[in-house]
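run.csv (CSV, C-alpha atoms and all ligand atoms)
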```csv
chain,number,residue,atom,x,y,z
A,1,GLN,CA,69.1,143.8,51.7
A,2,ILE,CA,71.9,141.2,51.0
A,3,GLN,CA,74.3,141.1,54.0
A,4,ALA,CA,76.7,138.4,52.8
A,5,VAL,CA,77.6,136.6,49.6
A,6,ILE,CA,79.1,133.1,49.9
A,7,PHE,CA,80.8,131.7,46.9
A,8,ASP,CA,81.7,128.2,45.9
A,9,LEU,CA,85.4,128.2,44.6
A,10,ASP,CA,86.0,125.6,41.9
A,11,GLY,CA,84.1,126.7,38.8
A,12,VAL,CA,82.8,130.0,40.3
A,13,ILE,CA,85.8,132.0,41.3
A,14,THR,CA,88.2,130.3,38.9
A,15,ASP,CA,88.0,127.4,36.5
A,16,THR,CA,89.7,124.8,38.7
A,17,ALA,CA,86.6,122.6,38.1
A,18,GLU,CA,88.4,121.9,34.8
A,19,TYR,CA,91.5,120.7,36.6
A,20,HIS,CA,89.4,118.4,38.9
A,21,TYR,CA,87.9,117.0,35.7
A,22,GLN,CA,91.4,116.4,34.1
A,23,ALA,CA,92.8,114.8,37.3
A,24,TRP,CA,89.8,112.4,37.5
A,25,GLY,CA,90.3,111.7,33.8
A,26,MET,CA,93.8,110.5,34.5
A,27,ILE,CA,92.6,108.1,37.2
A,28,ALA,CA,89.8,106.9,34.9
A,29,LYS,CA,92.2,106.2,32.2
A,30,GLU,CA,94.5,104.3,34.5
A,31,LEU,CA,91.6,102.1,35.6
A,32,SER,CA,90.2,101.9,32.0
A,33,LEU,CA,86.9,103.4,33.2
A,34,PRO,CA,84.5,105.4,31.0
A,35,PHE,CA,84.7,109.1,31.8
A,36,THR,CA,82.9,111.9,30.0
A,37,ARG,CA,82.3,115.6,30.7
A,38,GLU,CA,78.6,114.8,31.1
A,39,PHE,CA,79.4,112.3,33.9
A,40,ASN,CA,81.8,114.8,35.4
A,41,GLU,CA,78.9,117.1,36.1
A,42,ASN,CA,77.9,114.6,38.9
A,43,LEU,CA,81.3,115.1,40.6
A,44,LYS,CA,81.1,118.9,40.9
A,45,GLY,CA,80.8,119.9,44.5
A,46,VAL,CA,81.2,116.3,45.6
A,47,SER,CA,84.0,115.4,48.0
A,48,ARG,CA,87.2,113.6,46.9
A,49,ILE,CA,86.3,110.2,48.2
A,50,ALA,CA,82.6,110.3,47.2
A,51,SER,CA,83.8,111.4,43.7
A,52,LEU,CA,86.0,108.3,43.6
A,53,GLU,CA,83.1,106.1,44.6
A,54,LEU,CA,81.0,107.5,41.8
A,55,LEU,CA,83.8,107.0,39.3
A,56,LEU,CA,84.4,103.4,40.3
A,57,GLY,CA,80.7,102.8,40.0
A,58,GLN,CA,81.1,103.4,36.3
A,59,ALA,CA,82.9,100.0,35.9
A,60,ALA,CA,81.0,97.5,33.7
A,61,THR,CA,82.0,94.7,36.2
A,62,PRO,CA,82.1,96.2,39.7
A,63,HIS,CA,85.3,95.6,41.7
A,64,THR,CA,85.6,96.0,45.4
A,65,TYR,CA,88.6,97.9,46.6
A,66,SER,CA,90.0,98.0,50.2
A,67,PRO,CA,89.9,101.3,52.1
A,68,GLU,CA,93.7,101.4,51.6
A,69,GLU,CA,93.3,101.1,47.8
A,70,MET,CA,90.6,103.7,47.8
A,71,GLU,CA,92.8,106.1,49.9
A,72,GLU,CA,95.7,105.5,47.5
A,73,MET,CA,93.6,106.3,44.4
A,74,ALA,CA,92.2,109.4,46.0
A,75,THR,CA,95.7,110.6,47.0
A,76,ARG,CA,96.9,110.0,43.4
A,77,LYS,CA,94.0,112.1,42.0
A,78,ASN,CA,95.0,114.8,44.4
A,79,GLU,CA,98.6,114.7,43.3
A,80,PHE,CA,97.6,115.1,39.7
A,81,TYR,CA,95.3,118.0,40.7
A,82,GLN,CA,98.0,119.7,42.8
A,83,GLN,CA,100.3,119.6,39.8
A,84,LEU,CA,97.7,121.0,37.5
A,85,ILE,CA,96.9,124.0,39.8
A,86,GLN,CA,100.5,125.1,39.9
A,87,GLN,CA,99.6,127.0,36.7
A,88,VAL,CA,96.9,129.1,38.4
A,89,THR,CA,97.7,132.8,38.6
A,90,PRO,CA,95.7,136.0,39.4
A,91,ALA,CA,94.8,136.2,35.7
A,92,ASP,CA,92.7,133.1,36.2
A,93,VAL,CA,89.9,134.8,38.3
A,94,LEU,CA,86.8,134.3,36.2
A,95,PRO,CA,85.3,137.3,34.4
A,96,GLY,CA,83.0,139.5,36.5
A,97,ILE,CA,84.1,138.2,39.8
A,98,SER,CA,86.6,141.0,40.8
A,99,GLU,CA,84.0,143.6,39.7
A,100,LEU,CA,81.3,142.0,41.8
A,101,LEU,CA,83.6,141.7,44.8
A,102,SER,CA,84.4,145.4,44.7
A,103,GLU,CA,80.7,146.3,44.3
A,104,LEU,CA,79.9,144.1,47.3
A,105,LYS,CA,82.7,145.7,49.3
A,106,ASP,CA,81.4,149.2,48.4
A,107,HIS,CA,77.9,148.2,49.7
A,108,GLY,CA,79.3,146.7,52.9
A,109,VAL,CA,78.3,143.2,51.9
A,110,LYS,CA,80.5,140.5,53.5
A,111,THR,CA,82.1,137.9,51.2
A,112,GLY,CA,83.2,134.3,51.9
A,113,ILE,CA,84.1,131.0,50.4
A,114,ALA,CA,82.2,127.7,51.0
A,115,SER,CA,84.2,125.0,49.1
A,116,ALA,CA,84.4,121.3,49.7
A,117,SER,CA,88.0,121.3,48.6
A,118,LYS,CA,90.9,120.8,50.9
A,119,ASN,CA,92.9,122.7,48.3
A,120,ALA,CA,90.8,125.8,48.6
A,121,PHE,CA,93.3,127.9,50.6
A,122,THR,CA,96.1,127.0,48.1
A,123,VAL,CA,93.9,128.1,45.1
A,124,ILE,CA,92.9,131.3,46.8
A,125,ARG,CA,96.6,132.0,47.5
A,126,LEU,CA,97.6,131.3,43.9
A,127,LEU,CA,94.9,133.7,42.8
A,128,GLY,CA,96.2,136.3,45.2
A,129,MET,CA,92.7,136.7,46.7
A,130,GLU,CA,93.5,136.1,50.4
A,131,LYS,CA,92.2,139.6,51.2
A,132,ASP,CA,89.0,139.3,49.2
A,133,PHE,CA,87.2,136.9,51.5
A,134,ARG,CA,86.6,137.5,55.2
A,135,VAL,CA,85.7,133.8,55.7
A,136,ILE,CA,87.1,130.8,54.0
A,137,VAL,CA,85.5,127.6,55.4
A,138,ASP,CA,88.0,124.9,56.1
A,139,ALA,CA,86.7,121.8,54.3
A,140,ALA,CA,88.9,119.6,56.5
A,141,LYS,CA,86.7,120.6,59.5
A,142,LEU,CA,83.4,119.7,57.9
A,143,ALA,CA,81.4,116.6,58.9
A,144,ARG,CA,79.0,116.6,56.0
A,145,ASN,CA,79.2,117.1,52.3
A,146,LYS,CA,77.1,119.2,49.9
A,147,PRO,CA,74.1,118.9,49.4
A,148,ASP,CA,74.2,119.1,53.2
A,149,PRO,CA,74.0,122.9,54.1
A,150,GLU,CA,76.8,122.6,56.7
A,151,VAL,CA,79.5,124.5,54.7
A,152,PHE,CA,77.2,127.4,53.8
A,153,LEU,CA,75.8,127.6,57.4
A,154,THR,CA,79.3,127.5,58.8
A,155,ALA,CA,80.2,130.6,56.7
A,156,ALA,CA,77.0,132.5,57.7
A,157,ASP,CA,77.7,131.7,61.3
A,158,ALA,CA,81.3,133.0,61.0
A,159,PHE,CA,79.9,136.2,59.6
A,160,GLY,CA,77.2,136.3,62.3
A,161,VAL,CA,74.6,136.8,59.5
A,162,ASP,CA,71.2,135.1,59.4
A,163,PRO,CA,71.2,132.7,56.4
A,164,GLN,CA,68.0,134.4,55.0
A,165,PHE,CA,70.2,137.5,54.3
A,166,CYS,CA,72.9,135.4,52.5
A,167,VAL,CA,73.3,134.7,48.9
A,168,GLY,CA,75.1,131.5,47.7
A,169,VAL,CA,76.8,131.2,44.3
A,170,GLU,CA,77.4,127.7,42.8
A,171,ASP,CA,78.2,125.9,39.6
A,172,ALA,CA,77.2,122.5,41.0
A,173,VAL,CA,73.7,121.0,41.5
A,174,ALA,CA,74.7,119.5,44.9
A,175,GLY,CA,75.9,123.0,45.8
A,176,VAL,CA,72.6,124.7,44.9
A,177,GLU,CA,70.8,122.1,47.0
A,178,ALA,CA,73.1,122.9,49.9
A,179,ILE,CA,72.4,126.7,49.5
A,180,LYS,CA,68.6,126.1,49.5
A,181,ALA,CA,68.8,123.7,52.4
A,182,ALA,CA,70.7,126.5,54.3
A,183,GLY,CA,67.7,128.8,53.6
A,184,MET,CA,69.7,131.1,51.4
A,185,PHE,CA,69.1,132.7,48.0
A,186,ALA,CA,70.8,130.5,45.4
A,187,VAL,CA,72.6,131.6,42.2
A,188,TYR,CA,73.4,128.8,39.8
A,189,ILE,CA,76.0,129.4,37.1
A,190,SER,CA,76.0,126.9,34.3
A,191,LEU,CA,76.1,126.7,30.5
A,192,GLN,CA,73.9,123.7,30.8
A,193,GLU,CA,70.2,123.7,31.7
A,194,ASN,CA,68.6,126.0,34.3
A,195,LEU,CA,67.9,124.6,37.7
A,196,SER,CA,64.3,125.2,38.9
A,197,ILE,CA,65.4,125.1,42.6
A,198,ALA,CA,67.8,128.0,42.0
A,199,ASP,CA,66.6,131.5,42.6
A,200,MET,CA,68.7,132.9,39.8
A,201,ASN,CA,70.2,131.1,36.8
A,202,LEU,CA,73.1,132.5,34.9
A,203,ASN,CA,75.2,131.1,32.0
A,204,HIS,CA,78.4,132.8,33.1
A,205,THR,CA,80.1,134.6,35.9
A,206,ALA,CA,80.4,137.7,33.7
A,207,GLU,CA,76.7,138.2,34.0
A,208,LEU,CA,77.0,138.7,37.8
A,209,ASN,CA,76.4,142.2,39.1
A,210,TYR,CA,75.3,143.7,42.3
A,211,SER,CA,72.3,145.7,41.2
A,212,GLU,CA,70.7,142.8,39.4
A,213,LEU,CA,71.5,140.4,42.3
A,214,ASN,CA,70.0,142.8,44.8
A,215,GLN,CA,66.9,143.3,42.7
A,216,GLN,CA,66.3,139.6,42.3
A,217,PHE,CA,67.0,139.0,46.0
A,218,ALA,CA,64.5,141.7,47.0
A,219,ALA,CA,61.9,140.3,44.6
A,220,ALA,CA,62.3,136.8,46.1
A,221,LYS,CA,61.5,138.2,49.5
A,222,ASN,CA,58.2,139.6,48.4
A,301,LIG,C1,85.0,120.9,45.1
A,301,LIG,C2,85.0,120.4,43.7
A,301,LIG,C3,85.0,118.9,43.6
A,301,LIG,C4,86.0,118.3,44.5
A,301,LIG,C5,85.9,118.7,46.0
A,301,LIG,C6,86.9,118.2,46.9
A,301,LIG,O1,83.7,120.7,45.7
A,301,LIG,O2,83.9,120.9,43.0
A,301,LIG,O3,85.2,118.5,42.3
A,301,LIG,O4,86.0,116.9,44.5
A,301,LIG,O5,85.9,120.2,46.0
A,301,LIG,O6,88.2,118.8,46.5
A,301,LIG,P1,89.6,118.3,47.0
A,301,LIG,O7,90.5,119.4,46.5
A,301,LIG,O8,89.5,118.3,48.5
A,301,LIG,O9,89.8,117.0,46.5
A,302,MG,MG,82.1,124.2,42.1
```

Would you mind writing the file out in structure tokens?
Amino acid sequence: QIQAVIFDLDGVITDTAEYHYQAWGMIAKELSLPFTREFNENLKGVSRIASLELLLGQAATPHTYSPEEMEEMATRKNEFYQQLIQQVTPADVLPGISELLSELKDHGVKTGIASASKNAFTVIRLLGMEKDFRVIVDAAKLARNKPDPEVFLTAADAFGVDPQFCVGVEDAVAGVEAIKAAGMFAVYISLQENLSIADMNLNHTAELNYSELNQQFAAAKN
């Protein structure tokens, strides 16, 4: 039996992955760096500063920036991002999420958020979902980034649930790696290719439902 479901936030609960993409796009434009949606896939689930490093690595002629310059660019990206998320409302919860959350509640399954974003609390508040998650891991308190399992293990620990009874839901490759490293059942949601390391591959959040999830979870245990 599933005891807890731990969700990634950006790109799973709501489409803020799009706003991260747009904000990085503005920084890339300022620096005249190439930036595509395909490349952006590598930034999903990746921390702010590590994302910046990947973006700067796209330069044809590499340039070394001081830690202060790096910090300044990361802050600027965050300012763009914070402006963009001002438009988030409860109507922006992705299809199928609210239904799944109420099914999980009915079955006594705990629900939490394992996001690498320091803006996670703000986004949850804008969505009006403060009461939907018993645990929201504070990214500012984490030492290691996805694909390290720390964020998922922190959530399981806060629930007092053994990771083997937890399900993690992700839209990022690094995130699925983190879920598997935590010893949990991994659901990957992506319109792109399937991930062989994921236990369940879905194209869209609308395909999520408790009975299917529970069935696949039970099958994976046998
Ligand atoms: C999530 C997103 C990433 C983002 C990271 C840090 O993992 O998928 O795109 O870089 O959070 O977010 P932050 O809001 O702290 O810059
Ligand atoms: Mg995500």

Write out as a list of chain:residue names each polymer residue whose atoms come within 9 Å of Leu43 in chain A, counting all atoms listed in the file; drop sequence neighbours fewer than 4 positions from it.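 Non-adjacent residues within range: A:His20, A:Tyr21, A:Phe39, A:Ser47, A:Arg48, A:Ala50, A:Ser51, A:Leu52, A:Leu54, A:Leu55, A:Ala172.
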
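Neighbours of Thr36 in chain A closer than or equal to 10 Å, with only C-alpha atoms counted and sequence neighbours fewer than 5 positions away skipped, come out as Tyr21, Gly25, Ala28 and Glu41 of chain A.
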
Within 8 Å of ligand MG 302 (chain A), which residues show up when you count all atoms listed in the file? List them as a list in words, please.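 If we count all atoms listed in the file, the neighbours of ligand MG 302 (chain A) turn out to be Asp8, Leu9, Asp10, Gly11, Val12, Ala17, Lys44, Gly45, Ser115, Glu170, Asp171, Ala172 and Gly175 of chain A.
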
Show me, as JSON, the centre and edge lengths in Å to one decimal of the axis-aligned box that covers every listed atom of ligand LIG 301 (chain A) with 4 Å on each side.
```
{"center_x": 87.1, "center_y": 118.9, "center_z": 45.4, "size_x": 14.8, "size_y": 12.0, "size_z": 14.2}
```

What gap, in Å, lies between CA of Asp162 in chain A and CA of Lys105 in chain A? 18.6 Å

Contacts of Asp199 in chain A within 10 Å, all atoms listed in the file, excl. fewer than 4 positions in-chain, as JSON, numbers by chain: {"A": [167, 168, 176, 180, 184, 185, 186, 187, 188, 195, 216, 217, 220]}

What separation in Å, quoted to one decimal, exists between CA of Ser211 in chain A and CA of Gln3 in chain A?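 Calculated distance between CA of Ser211 in chain A and CA of Gln3 in chain A is 13.7 Å.
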
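Distance check against ligand LIG 301 (chain A) using all atoms listed in the file: of A:Ile189, A:Ala181, A:Val46, A:Leu84, the minimum falls on A:Val46.
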
Residues within 6 Å of Gly112 in chain A, only C-alpha atoms, excluding chain neighbours under 2 positions, as a list in words: Ile6, Phe133, Arg134, Val135 and Ile136 of chain A
